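Asks: I am sharing final.tsv, which consists of TSV, C-alpha atoms:
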chain	number	residue	atom	x	y	z
A	191	MET	CA	82.75	13.44	-32.48
A	192	ASN	CA	81.77	12.86	-28.83
A	193	ARG	CA	81.58	16.64	-28.14
A	194	LYS	CA	79.14	17.13	-31.05
A	195	TYR	CA	77.04	14.21	-29.86
A	196	GLY	CA	76.96	15.55	-26.29
A	197	LEU	CA	75.93	19.04	-27.49
A	198	LYS	CA	73.08	17.65	-29.56
A	199	LYS	CA	71.92	15.51	-26.64
A	200	ARG	CA	71.84	18.53	-24.28
A	201	GLN	CA	69.87	20.55	-26.84
A	202	PHE	CA	67.35	17.71	-27.20
A	203	ASN	CA	66.92	17.41	-23.42
A	204	ILE	CA	66.28	21.17	-23.07
A	205	LEU	CA	63.60	21.11	-25.78
A	206	PHE	CA	61.98	17.92	-24.40
A	207	TYR	CA	61.67	19.13	-20.76
A	208	THR	CA	60.53	22.61	-21.86
A	209	GLY	CA	57.68	21.01	-23.85
A	210	LEU	CA	56.80	18.65	-21.02
A	211	PHE	CA	56.62	21.57	-18.53
A	212	ALA	CA	54.26	23.45	-20.87
A	213	LEU	CA	51.93	20.45	-21.14
A	214	VAL	CA	51.81	20.06	-17.34
A	215	MET	CA	50.91	23.73	-16.87
A	216	VAL	CA	48.08	23.51	-19.42
A	217	GLY	CA	46.68	20.41	-17.69
A	218	PHE	CA	46.94	22.08	-14.27
A	219	ASN	CA	45.05	25.17	-15.43
A	220	ASN	CA	42.26	23.07	-16.97
A	221	CYS	CA	41.67	21.27	-13.65
A	222	SER	CA	39.93	24.35	-12.28
A	223	GLN	CA	37.54	24.76	-15.21
A	224	PRO	CA	33.77	24.14	-14.83
A	225	GLY	CA	32.80	20.50	-15.07
A	226	ALA	CA	36.02	19.20	-13.52
A	227	LEU	CA	34.23	18.23	-10.30
A	228	THR	CA	31.32	15.80	-10.21
A	229	VAL	CA	28.87	14.76	-7.52
A	230	ILE	CA	27.21	11.37	-7.36
A	231	PRO	CA	23.41	11.91	-7.67
A	232	GLY	CA	21.66	11.36	-4.36
A	233	GLU	CA	24.55	12.43	-2.14
A	234	LYS	CA	23.55	16.08	-2.02
A	235	LEU	CA	22.45	17.30	1.43
A	236	GLY	CA	19.77	19.93	1.13
A	237	SER	CA	20.18	22.35	-1.71
A	238	SER	CA	23.04	24.45	-2.98
A	239	SER	CA	24.59	26.87	-0.48
A	240	THR	CA	24.68	29.51	-3.21
A	241	PRO	CA	21.91	32.09	-2.65
A	242	THR	CA	19.05	31.63	-5.10
A	243	ASP	CA	16.02	33.61	-6.15
A	244	PRO	CA	13.11	31.39	-5.08
A	245	THR	CA	11.04	32.57	-8.02
A	246	ASP	CA	13.64	31.20	-10.42
A	247	ASN	CA	13.86	27.64	-11.66
A	248	PRO	CA	14.99	24.78	-9.39
A	249	PRO	CA	18.51	25.26	-7.97
A	250	GLY	CA	21.23	23.25	-9.65
A	251	GLY	CA	19.87	23.64	-13.16
A	252	ASN	CA	17.44	25.36	-15.50
A	253	PRO	CA	14.65	23.76	-17.51
A	254	PRO	CA	15.24	22.89	-21.17
A	255	GLY	CA	15.04	25.91	-23.45
A	256	GLN	CA	16.67	28.28	-20.96
A	257	ASN	CA	19.92	26.46	-20.39
A	258	PRO	CA	20.54	23.61	-22.87
A	259	PRO	CA	21.43	20.34	-21.12
A	260	THR	CA	24.87	18.85	-21.61
A	261	ASN	CA	23.32	15.75	-23.19
A	262	PRO	CA	21.05	16.96	-26.02
A	263	GLU	CA	19.69	13.44	-26.60
A	264	LYS	CA	17.88	13.44	-23.24
A	265	LYS	CA	14.66	15.32	-22.63
A	266	TYR	CA	13.71	16.88	-19.32
A	267	VAL	CA	10.55	18.20	-17.71
A	268	SER	CA	10.20	20.79	-14.94
A	269	LYS	CA	7.80	19.90	-12.14
A	270	SER	CA	6.55	21.36	-8.88
A	271	LYS	CA	4.63	19.97	-5.92
A	272	MET	CA	2.78	21.78	-3.16
A	273	VAL	CA	2.91	20.32	0.36
A	274	THR	CA	0.84	21.54	3.30
A	275	VAL	CA	1.70	20.52	6.85
A	276	ASN	CA	-1.29	21.13	9.10
A	277	SER	CA	0.45	20.48	12.39
A	278	ALA	CA	4.04	20.69	13.56
A	279	ASP	CA	3.71	17.21	15.06
A	280	ASN	CA	2.07	15.55	12.06
A	281	ASN	CA	3.72	12.15	12.48
A	282	LYS	CA	0.97	9.74	11.50
A	283	VAL	CA	1.78	6.52	9.67
A	284	ASP	CA	-0.44	3.53	8.84
A	285	LEU	CA	1.21	0.17	8.15
A	286	LEU	CA	-0.60	-2.62	6.29
A	287	VAL	CA	1.08	-6.03	6.67
A	288	VAL	CA	0.14	-8.45	3.86
A	289	VAL	CA	0.98	-12.04	4.80
A	290	ASP	CA	1.02	-15.04	2.49
A	291	ASN	CA	-1.14	-17.60	4.33
A	292	SER	CA	-0.64	-20.46	1.86
A	293	SER	CA	0.57	-23.82	3.15
A	294	SER	CA	4.24	-23.18	2.30
A	295	MET	CA	4.62	-20.19	4.62
A	296	GLY	CA	4.92	-21.73	8.12
A	297	THR	CA	8.62	-20.91	8.60
A	298	GLU	CA	8.26	-17.32	7.36
A	299	GLN	CA	5.23	-16.63	9.58
A	300	ALA	CA	7.14	-17.85	12.64
A	301	ASN	CA	10.07	-15.57	11.80
A	302	MET	CA	7.77	-12.57	11.45
A	303	ALA	CA	6.02	-13.25	14.74
A	304	ALA	CA	9.26	-13.72	16.65
A	305	ARG	CA	10.91	-10.51	15.44
A	306	PHE	CA	8.03	-8.15	14.73
A	307	SER	CA	8.83	-6.31	17.97
A	308	THR	CA	11.93	-4.96	16.20
A	309	LEU	CA	9.72	-3.13	13.71
A	310	ILE	CA	7.34	-1.84	16.40
A	311	ASP	CA	10.27	-0.53	18.45
A	312	GLN	CA	11.46	1.56	15.48
A	313	LEU	CA	8.06	3.29	15.30
A	314	GLN	CA	8.11	4.62	18.85
A	315	GLY	CA	7.46	8.34	18.94
A	316	LEU	CA	5.13	8.19	15.93
A	317	ASP	CA	1.34	8.06	15.81
A	318	TRP	CA	1.31	4.59	14.21
A	319	GLN	CA	-1.30	1.97	13.37
A	320	VAL	CA	-0.87	-1.58	12.06
A	321	GLY	CA	-3.38	-3.88	10.39
A	322	VAL	CA	-2.98	-7.33	8.79
A	323	ILE	CA	-4.51	-8.89	5.67
A	324	THR	CA	-3.66	-12.01	3.64
A	325	THR	CA	-2.63	-12.52	0.02
A	326	ASP	CA	-5.83	-14.55	-0.54
A	327	VAL	CA	-8.38	-12.68	-2.69
A	328	SER	CA	-10.26	-15.77	-3.88
A	329	SER	CA	-13.59	-14.62	-2.42
A	330	ASP	CA	-15.19	-11.87	-0.34
A	331	ALA	CA	-14.98	-13.44	3.10
A	332	ASN	CA	-13.13	-13.27	6.43
A	333	LEU	CA	-9.33	-13.55	6.03
A	334	LYS	CA	-9.68	-12.72	2.31
A	335	ASP	CA	-10.14	-9.97	-0.26
A	336	GLY	CA	-8.36	-7.20	1.62
A	337	ARG	CA	-10.41	-7.50	4.82
A	338	LEU	CA	-8.46	-6.73	8.00
A	339	ILE	CA	-8.01	-9.68	10.34
A	340	ALA	CA	-9.23	-9.44	13.92
A	341	MET	CA	-6.37	-9.08	16.39
A	342	ASP	CA	-8.25	-10.37	19.43
A	343	THR	CA	-10.03	-13.63	20.15
A	344	ALA	CA	-13.38	-11.85	20.43
A	345	GLY	CA	-13.11	-10.64	16.82
A	346	SER	CA	-13.72	-6.98	17.60
A	347	GLN	CA	-10.23	-5.42	17.49
A	348	PHE	CA	-8.65	-5.11	14.03
A	349	ILE	CA	-5.83	-2.62	14.62
A	350	ILE	CA	-2.88	-2.26	16.98
A	351	ASN	CA	-1.62	1.25	17.56
A	352	SER	CA	0.71	3.53	19.49
A	353	GLN	CA	-1.94	4.19	22.16
A	354	MET	CA	-1.91	0.57	23.34
A	355	ASP	CA	0.35	-1.09	25.85
A	356	ILE	CA	3.37	-1.99	23.71
A	357	ASN	CA	3.69	-5.54	25.01
A	358	ARG	CA	0.03	-6.29	24.33
A	359	ALA	CA	0.36	-4.88	20.81
A	360	LYS	CA	3.28	-7.21	20.09
A	361	GLU	CA	1.40	-10.21	21.51
A	362	ASP	CA	-1.68	-9.47	19.41
A	363	PHE	CA	0.37	-9.27	16.24
A	364	ALA	CA	2.26	-12.49	16.99
A	365	ARG	CA	-1.05	-14.30	17.47
A	366	VAL	CA	-2.50	-13.04	14.18
A	367	ILE	CA	0.58	-13.69	12.09
A	368	GLN	CA	0.75	-17.40	12.98
A	369	ARG	CA	-2.75	-18.60	12.23
A	370	LYS	CA	-3.09	-22.20	11.07
A	371	GLU	CA	-5.52	-21.84	8.15
A	372	SER	CA	-4.27	-22.49	4.63
A	373	GLY	CA	-5.19	-19.79	2.15
A	374	SER	CA	-5.24	-19.76	-1.63
A	375	GLY	CA	-2.14	-20.85	-3.52
A	376	ASN	CA	-2.70	-17.89	-5.88
A	377	GLU	CA	-0.86	-15.31	-3.78
A	378	GLN	CA	-1.86	-11.76	-4.73
A	379	GLY	CA	-0.30	-9.26	-2.36
A	380	ILE	CA	-0.63	-6.32	-4.75
A	381	LYS	CA	-4.31	-6.92	-5.48
A	382	ALA	CA	-5.00	-7.57	-1.79
A	383	THR	CA	-3.48	-4.15	-0.99
A	384	TYR	CA	-5.60	-2.58	-3.73
A	385	ARG	CA	-8.74	-4.18	-2.28
A	386	ALA	CA	-7.83	-3.05	1.23
A	387	LEU	CA	-7.63	0.53	-0.07
A	388	GLU	CA	-10.90	0.20	-1.98
A	389	ARG	CA	-12.56	-0.90	1.25
A	390	ALA	CA	-11.02	2.02	3.13
A	391	LEU	CA	-12.49	4.41	0.58
A	392	ASN	CA	-15.89	2.70	0.53
A	393	SER	CA	-18.52	4.41	2.66
A	394	ALA	CA	-21.38	2.15	1.57
A	395	ASN	CA	-20.58	-0.90	3.69
A	396	ALA	CA	-20.58	0.53	7.20
A	397	THR	CA	-19.76	-2.72	9.02
A	398	VAL	CA	-17.42	-4.93	6.99
A	399	ASP	CA	-15.21	-2.13	5.67
A	400	LYS	CA	-15.07	0.02	8.81
A	401	PRO	CA	-11.78	-1.53	10.08
A	402	ASN	CA	-10.09	-0.59	6.78
A	403	ARG	CA	-11.40	2.97	6.99
A	404	ASP	CA	-10.12	3.22	10.55
A	405	LEU	CA	-6.66	1.93	9.59
A	406	ILE	CA	-5.94	4.03	6.51
A	407	ARG	CA	-6.31	7.64	7.64
A	408	PRO	CA	-6.50	10.34	4.94
A	409	ASP	CA	-3.80	12.50	6.59
A	410	ALA	CA	-1.31	9.71	7.40
A	411	ALA	CA	1.59	8.25	5.47
A	412	PHE	CA	0.83	4.76	4.15
A	413	ALA	CA	3.31	1.86	4.23
A	414	VAL	CA	2.82	-1.71	3.05
A	415	LEU	CA	4.86	-4.79	3.97
A	416	VAL	CA	4.20	-7.96	2.00
A	417	VAL	CA	5.71	-11.27	3.15
A	418	THR	CA	5.50	-14.10	0.62
A	419	ASP	CA	7.50	-16.90	-0.98
A	420	ALA	CA	5.79	-16.50	-4.37
A	421	ASN	CA	5.33	-13.90	-7.07
A	422	GLU	CA	2.00	-12.14	-7.72
A	423	THR	CA	0.05	-15.05	-9.21
A	424	PRO	CA	-3.41	-13.96	-10.39
A	425	LYS	CA	-5.74	-16.71	-11.56
A	426	THR	CA	-7.38	-14.39	-14.08
A	427	ALA	CA	-6.37	-11.10	-15.67
A	428	ASP	CA	-7.04	-8.13	-13.37
A	429	THR	CA	-5.57	-4.63	-13.59
A	430	ARG	CA	-5.39	-4.51	-9.78
A	431	ASN	CA	-2.53	-7.04	-9.87
A	432	LYS	CA	-0.24	-4.46	-11.49
A	433	GLY	CA	2.13	-2.52	-9.25
A	434	ASP	CA	1.96	0.61	-11.43
A	435	ASN	CA	-1.83	0.61	-11.18
A	436	LEU	CA	-1.65	0.37	-7.38
A	437	ILE	CA	0.72	3.35	-7.26
A	438	ASN	CA	-1.61	5.35	-9.52
A	439	PHE	CA	-4.63	4.36	-7.43
A	440	VAL	CA	-3.03	5.71	-4.26
A	441	THR	CA	-1.96	8.90	-6.05
A	442	ASN	CA	-5.36	9.55	-7.64
A	443	SER	CA	-7.43	8.57	-4.59
A	444	TYR	CA	-5.62	10.98	-2.27
A	445	GLY	CA	-4.83	13.79	-4.69
A	446	GLY	CA	-1.11	13.01	-4.73
A	447	LYS	CA	-0.83	13.96	-1.05
A	448	LYS	CA	-0.40	10.51	0.52
A	449	ASN	CA	3.19	9.38	1.00
A	450	PHE	CA	3.26	5.67	-0.04
A	451	ILE	CA	5.95	2.99	0.14
A	452	PHE	CA	5.71	-0.73	-0.56
A	453	ASN	CA	8.20	-3.00	1.24
A	454	SER	CA	8.76	-6.66	0.39
A	455	ILE	CA	10.16	-9.72	2.15
A	456	ILE	CA	10.31	-12.19	-0.72
A	457	VAL	CA	12.44	-14.63	-2.69
A	458	LYS	CA	14.78	-12.18	-4.42
A	459	SER	CA	15.39	-12.51	-8.14
A	460	GLY	CA	18.24	-14.88	-8.92
A	461	ASP	CA	18.50	-16.28	-5.38
A	462	SER	CA	18.20	-19.92	-6.46
A	463	ALA	CA	19.31	-21.24	-3.05
A	464	CYS	CA	16.44	-19.42	-1.34
A	465	LYS	CA	13.94	-20.53	-3.97
A	466	ALA	CA	14.89	-24.16	-3.32
A	467	LYS	CA	14.43	-23.81	0.45
A	468	ASP	CA	11.39	-24.55	2.66
A	469	GLY	CA	9.06	-25.14	-0.27
A	470	ASN	CA	9.43	-21.58	-1.58
A	471	GLU	CA	7.59	-21.12	-4.85
A	472	SER	CA	9.03	-18.38	-7.08
A	473	TYR	CA	10.96	-15.14	-7.33
A	474	GLY	CA	8.92	-12.12	-6.22
A	475	VAL	CA	9.69	-9.97	-9.26
A	476	ALA	CA	6.40	-8.04	-9.19
A	477	TYR	CA	7.00	-7.07	-5.56
A	478	GLU	CA	10.59	-6.09	-6.27
A	479	ASP	CA	9.37	-3.79	-9.02
A	480	ILE	CA	6.80	-1.89	-6.92
A	481	SER	CA	9.20	-1.69	-3.97
A	482	GLN	CA	11.86	-0.14	-6.19
A	483	LYS	CA	9.38	2.34	-7.67
A	484	THR	CA	8.21	3.50	-4.24
A	485	ASP	CA	11.71	3.42	-2.66
A	486	GLY	CA	10.74	0.60	-0.30
A	487	ILE	CA	12.95	-2.05	1.31
A	488	ILE	CA	13.41	-5.46	-0.34
A	489	GLY	CA	14.25	-8.25	2.11
A	490	THR	CA	14.56	-12.03	1.82
A	491	VAL	CA	12.19	-14.64	3.25
A	492	CYS	CA	15.18	-16.93	3.74
A	493	ALA	CA	16.80	-14.79	6.45
A	494	VAL	CA	17.41	-16.75	9.63
A	495	ASP	CA	16.47	-13.70	11.68
A	496	TYR	CA	14.04	-11.10	10.32
A	497	GLY	CA	15.11	-8.61	12.98
A	498	SER	CA	17.62	-6.64	10.89
A	499	GLN	CA	15.28	-6.51	7.87
A	500	LEU	CA	12.36	-5.32	9.98
A	501	LYS	CA	14.58	-2.66	11.54
A	502	LEU	CA	15.42	-1.32	8.08
A	503	ILE	CA	11.73	-1.28	7.18
A	504	GLY	CA	10.96	0.49	10.46
A	505	ASP	CA	13.58	3.14	9.69
A	506	LYS	CA	12.08	3.61	6.23
A	507	VAL	CA	8.58	4.03	7.68
A	508	VAL	CA	9.88	6.65	10.12
A	509	ASP	CA	11.48	8.52	7.21
A	510	GLN	CA	8.06	8.69	5.53
A	511	VAL	CA	6.76	11.25	8.02
A	512	LYS	CA	9.85	13.39	7.47
A	513	SER	CA	9.79	13.33	3.68
A	514	ILE	CA	8.27	14.84	0.56
A	515	GLN	CA	7.54	12.25	-2.12
A	516	LEU	CA	7.97	13.58	-5.66
A	517	ASP	CA	6.34	12.26	-8.82
A	518	CYS	CA	9.71	11.23	-10.25
A	519	ALA	CA	13.37	11.18	-9.26
A	520	PRO	CA	15.14	14.53	-9.80
A	521	VAL	CA	18.14	14.61	-12.13
A	522	ASP	CA	21.07	16.86	-12.99
A	523	SER	CA	19.81	18.21	-16.32
A	524	ASN	CA	22.61	20.69	-17.03
A	525	GLY	CA	25.60	18.62	-15.90
A	526	ASP	CA	26.73	20.92	-13.08
A	527	GLY	CA	27.02	18.05	-10.59
A	528	LYS	CA	23.86	18.96	-8.62
A	529	LEU	CA	20.44	17.37	-8.72
A	530	ASP	CA	17.93	19.97	-9.86
A	531	VAL	CA	15.65	20.25	-6.83
A	532	GLY	CA	14.73	22.81	-4.20
A	533	VAL	CA	12.06	23.17	-1.50
A	534	PHE	CA	10.71	26.62	-0.66
A	535	GLU	CA	8.40	28.01	1.98
A	536	VAL	CA	5.17	29.36	0.47
A	537	THR	CA	4.46	32.83	1.87
A	538	SER	CA	1.25	33.54	-0.06
A	539	THR	CA	-1.20	31.77	-2.36
A	540	VAL	CA	-4.13	34.22	-2.16
A	541	GLY	CA	-4.86	35.71	-5.57
A	542	VAL	CA	-1.34	34.95	-6.76
A	543	THR	CA	-0.25	32.62	-9.54
A	544	PRO	CA	2.29	31.20	-9.10
A	545	ALA	CA	2.52	31.15	-5.31
A	546	VAL	CA	4.91	33.58	-3.65
A	547	LEU	CA	7.92	31.65	-2.37
A	548	GLY	CA	10.15	32.53	0.54
A	549	ARG	CA	13.16	30.89	2.12
A	550	GLU	CA	14.63	27.67	0.79
A	551	LEU	CA	14.59	24.70	3.16
A	552	GLN	CA	17.85	22.93	3.98
A	553	GLY	CA	18.76	19.71	5.75
A	554	TYR	CA	17.45	16.89	3.57
A	555	VAL	CA	18.88	14.05	1.50
A	556	ILE	CA	17.58	12.79	-1.83
A	557	GLN	CA	16.64	9.10	-1.92
A	558	GLY	CA	15.22	8.23	-5.33
A	559	ARG	CA	12.06	10.33	-5.54
A	560	ASN	CA	11.92	11.06	-1.82
A	561	LEU	CA	13.32	14.16	-0.12
A	562	VAL	CA	14.01	12.94	3.42
A	563	PHE	CA	14.51	15.68	6.02
A	564	SER	CA	16.53	15.41	9.21
A	565	ASP	CA	13.47	16.45	11.21
A	566	TYR	CA	9.71	16.77	10.81
A	567	LEU	CA	8.58	19.55	8.49
A	568	PRO	CA	7.31	22.61	10.39
A	569	GLU	CA	3.70	23.65	10.11
A	570	GLY	CA	3.02	25.58	6.92
A	571	SER	CA	2.97	25.28	3.12
A	572	PHE	CA	5.93	24.36	0.94
A	573	GLN	CA	6.66	23.94	-2.75
A	574	ALA	CA	9.16	21.50	-4.20
A	575	LYS	CA	10.56	22.50	-7.60
A	576	TYR	CA	12.52	19.90	-9.53
A	577	VAL	CA	13.54	18.58	-12.93
A	578	CYS	CA	13.10	14.97	-14.08
A	579	GLU	CA	14.13	13.06	-17.16
A	580	GLN	CA	11.10	12.79	-19.38
A	581	SER	CA	9.90	9.24	-20.00
A	582	ASN	CA	9.00	8.16	-23.50
Write the structure described by the file as structure tokens, please.

Replies:
Amino acid sequence: MNRKYGLKKRQFNILFYTGLFALVMVGFNNCSQPGALTVIPGEKLGSSSTPTDPTDNPPGGNPPGQNPPTNPEKKYVSKSKMVTVNSADNNKVDLLVVVDNSSSMGTEQANMAARFSTLIDQLQGLDWQVGVITTDVSSDANLKDGRLIAMDTAGSQFIINSQMDINRAKEDFARVIQRKESGSGNEQGIKATYRALERALNSANATVDKPNRDLIRPDAAFAVLVVTDANETPKTADTRNKGDNLINFVTNSYGGKKNFIFNSIIVKSGDSACKAKDGNESYGVAYEDISQKTDGIIGTVCAVDYGSQLKLIGDKVVDQVKSIQLDCAPVDSNGDGKLDVGVFEVTSTVGVTPAVLGRELQGYVIQGRNLVFSDYLPEGSFQAKYVCEQSN
């Protein structure tokens, strides 16, 4: 009886382990099949190392209709963007600082003034300019409605820049940022930025709007930093209070060629402790939204030291002059683990449609809709080809 039982047990063990070994081998072989490896979007450096035909579709994937996406429920659109770099040292950036000058902002203004040198230090090596406006758009007057504020006591200097003595530039900013007037309680940083741009584009008023035209140069990247303890609070309905409309205004006014980011130091959504501190008014949800859409930095007004936040903003501004800003964030449309984007040198545009493309550029990282290069783009023309998820 025991011998029969032992024989049956040995036979069972042989069959069991033989089947288990077969399952392991099948699983091992499948590990090497396509799709087994994935890459987190945004971690790709440059483009694929696999040689590509630059006249083909963006590397990493093909547009819908040529190579069906792995998720048929999503719709994709192929896009391209031409970029022309006129000079190898094109490193211009204009920074507009929009400060809430309402009565609740004394602590925040002091923090900005004390640590603004951190931001200026990060910009060294660039051709930078800085101007200051307030969130008060209650009337067309000094200190309001997007007008730049004079940096000097004589009222004739409205901009600090990289050509100045650095210590004087820091002193001028500190003086301007801590003025004692009390502006409107209807803080409108987005509309104030819109008005500042409208003034920069206005050639009719030669005197009042000249400082704005001098600050916002057509061939420079444009960065905004708003500092407020409130949300965008328009008194009446105005399309210029909408972040999306500001983004579109910048795009349309400069033919899609101006690199634009909007940074915010605000009361972050859900930070109830900050909202209850120092008379802070409300969560800055409108500023969070536009900062996210332009890949800007979102900081908190309740920081004890603004130095680290301003350093991050400075780093982001520096990245602007090394980046190509796309219309939308590239995606992996065919599920191969690579974001569908590539940047190519344009070798000819004369009498040729589409442009003749040459070598593919390497050495960049993808941050949202920005392609940030490790160095300044060389002089020449380039075309970015990419695929985005189509919005409804």

Asks: Would you mind reading off the distance between CA of Leu333 (chain A) and CA of Ala420 (chain A), one decimal, in Å?

Replies: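 Here the two named atoms are 18.6 Å from each other.
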
Asks: In terms of the shortest atom-to-atom distance over all atoms listed in the file, which of A:Ser346, A:Asn402, A:Asn435, A:Gln557 is closest to Lys381 (chain A)?

Replies: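 Result for the nearest residue to Lys381 (chain A): A:Asn435.
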
Asks: Name the residues in contact with Ser329 (chain A) at a cut-off of 12 Å, using only C-alpha atoms, excluding same-chain residues fewer than 4 positions from it; report them as a PyMOL selection string.

Replies: chain A and resi 324-325+333-337+373-374+376+382+385

Asks: In Å, how far is it from CA of Leu551 (chain A) to CA of Ser564 (chain A)?

Replies: 11.3 Å

Asks: Give the answer as one residue: which of A:Glu388, A:Glu361, A:Ala344, A:Thr418 has the shortest atom-to-atom distance to Ser293 (chain A), using all atoms listed in the file?

Replies: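 Distance minimum relative to Ser293 (chain A) lands on A:Thr418.
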
Asks: Looking at A:Phe534, A:Ser513, A:Ser328, A:Val521, which one is nearest to Tyr554 (chain A), with distances taken over only C-alpha atoms?

Replies: A:Ser513

Asks: For each of A:Gly321, A:Gly489, A:Gly445, A:Gly532, take the minimum atom-to-atom distance to Val414 (chain A), counting all atoms listed in the file, then give the residue where this is smallest.

Replies: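 Result for the nearest residue to Val414 (chain A): A:Gly321.
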
Asks: Would you kindly return, as an mmCIF file with C-alpha atoms, in the coordinates of the input, each protein, DNA or RNA residue with an atom no farther than 12 Å from any atom of Ile451 (chain A), considering only C-alpha atoms and excluding same-chain residues fewer than 2 positions away?

Replies:
data_model
loop_
_atom_site.group_PDB
_atom_site.id
_atom_site.type_symbol
_atom_site.label_atom_id
_atom_site.label_comp_id
_atom_site.auth_asym_id
_atom_site.auth_seq_id
_atom_site.Cartn_x
_atom_site.Cartn_y
_atom_site.Cartn_z
ATOM 1 C CA VAL A 283 1.780 6.520 9.670
ATOM 2 C CA ASP A 284 -0.440 3.530 8.840
ATOM 3 C CA LEU A 285 1.210 0.170 8.150
ATOM 4 C CA LEU A 286 -0.600 -2.620 6.290
ATOM 5 C CA THR A 383 -3.480 -4.150 -0.990
ATOM 6 C CA ALA A 411 1.590 8.250 5.470
ATOM 7 C CA PHE A 412 0.830 4.760 4.150
ATOM 8 C CA ALA A 413 3.310 1.860 4.230
ATOM 9 C CA VAL A 414 2.820 -1.710 3.050
ATOM 10 C CA LEU A 415 4.860 -4.790 3.970
ATOM 11 C CA VAL A 416 4.200 -7.960 2.000
ATOM 12 C CA GLY A 433 2.130 -2.520 -9.250
ATOM 13 C CA LEU A 436 -1.650 0.370 -7.380
ATOM 14 C CA ILE A 437 0.720 3.350 -7.260
ATOM 15 C CA VAL A 440 -3.030 5.710 -4.260
ATOM 16 C CA THR A 441 -1.960 8.900 -6.050
ATOM 17 C CA LYS A 448 -0.400 10.510 0.520
ATOM 18 C CA ASN A 449 3.190 9.380 1.000
ATOM 19 C CA ASN A 453 8.200 -3.000 1.240
ATOM 20 C CA SER A 454 8.760 -6.660 0.390
ATOM 21 C CA TYR A 477 7.000 -7.070 -5.560
ATOM 22 C CA ASP A 479 9.370 -3.790 -9.020
ATOM 23 C CA ILE A 480 6.800 -1.890 -6.920
ATOM 24 C CA SER A 481 9.200 -1.690 -3.970
ATOM 25 C CA GLN A 482 11.860 -0.140 -6.190
ATOM 26 C CA LYS A 483 9.380 2.340 -7.670
ATOM 27 C CA THR A 484 8.210 3.500 -4.240
ATOM 28 C CA ASP A 485 11.710 3.420 -2.660
ATOM 29 C CA GLY A 486 10.740 0.600 -0.300
ATOM 30 C CA ILE A 487 12.950 -2.050 1.310
ATOM 31 C CA ILE A 488 13.410 -5.460 -0.340
ATOM 32 C CA ILE A 503 11.730 -1.280 7.180
ATOM 33 C CA GLY A 504 10.960 0.490 10.460
ATOM 34 C CA LYS A 506 12.080 3.610 6.230
ATOM 35 C CA VAL A 507 8.580 4.030 7.680
ATOM 36 C CA VAL A 508 9.880 6.650 10.120
ATOM 37 C CA ASP A 509 11.480 8.520 7.210
ATOM 38 C CA GLN A 510 8.060 8.690 5.530
ATOM 39 C CA VAL A 511 6.760 11.250 8.020
ATOM 40 C CA SER A 513 9.790 13.330 3.680
ATOM 41 C CA GLN A 515 7.540 12.250 -2.120
ATOM 42 C CA GLY A 558 15.220 8.230 -5.330
ATOM 43 C CA ARG A 559 12.060 10.330 -5.540
ATOM 44 C CA ASN A 560 11.920 11.060 -1.820
#

Asks: Given the choices A:Ala331, A:Val475, A:Met295, A:Ala364, which gets closest to Asn421 (chain A) if the distance is worked out from only C-alpha atoms?

Replies: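 Ranking A:Ala331, A:Val475, A:Met295, A:Ala364 by distance to Asn421 (chain A), first place goes to A:Val475.
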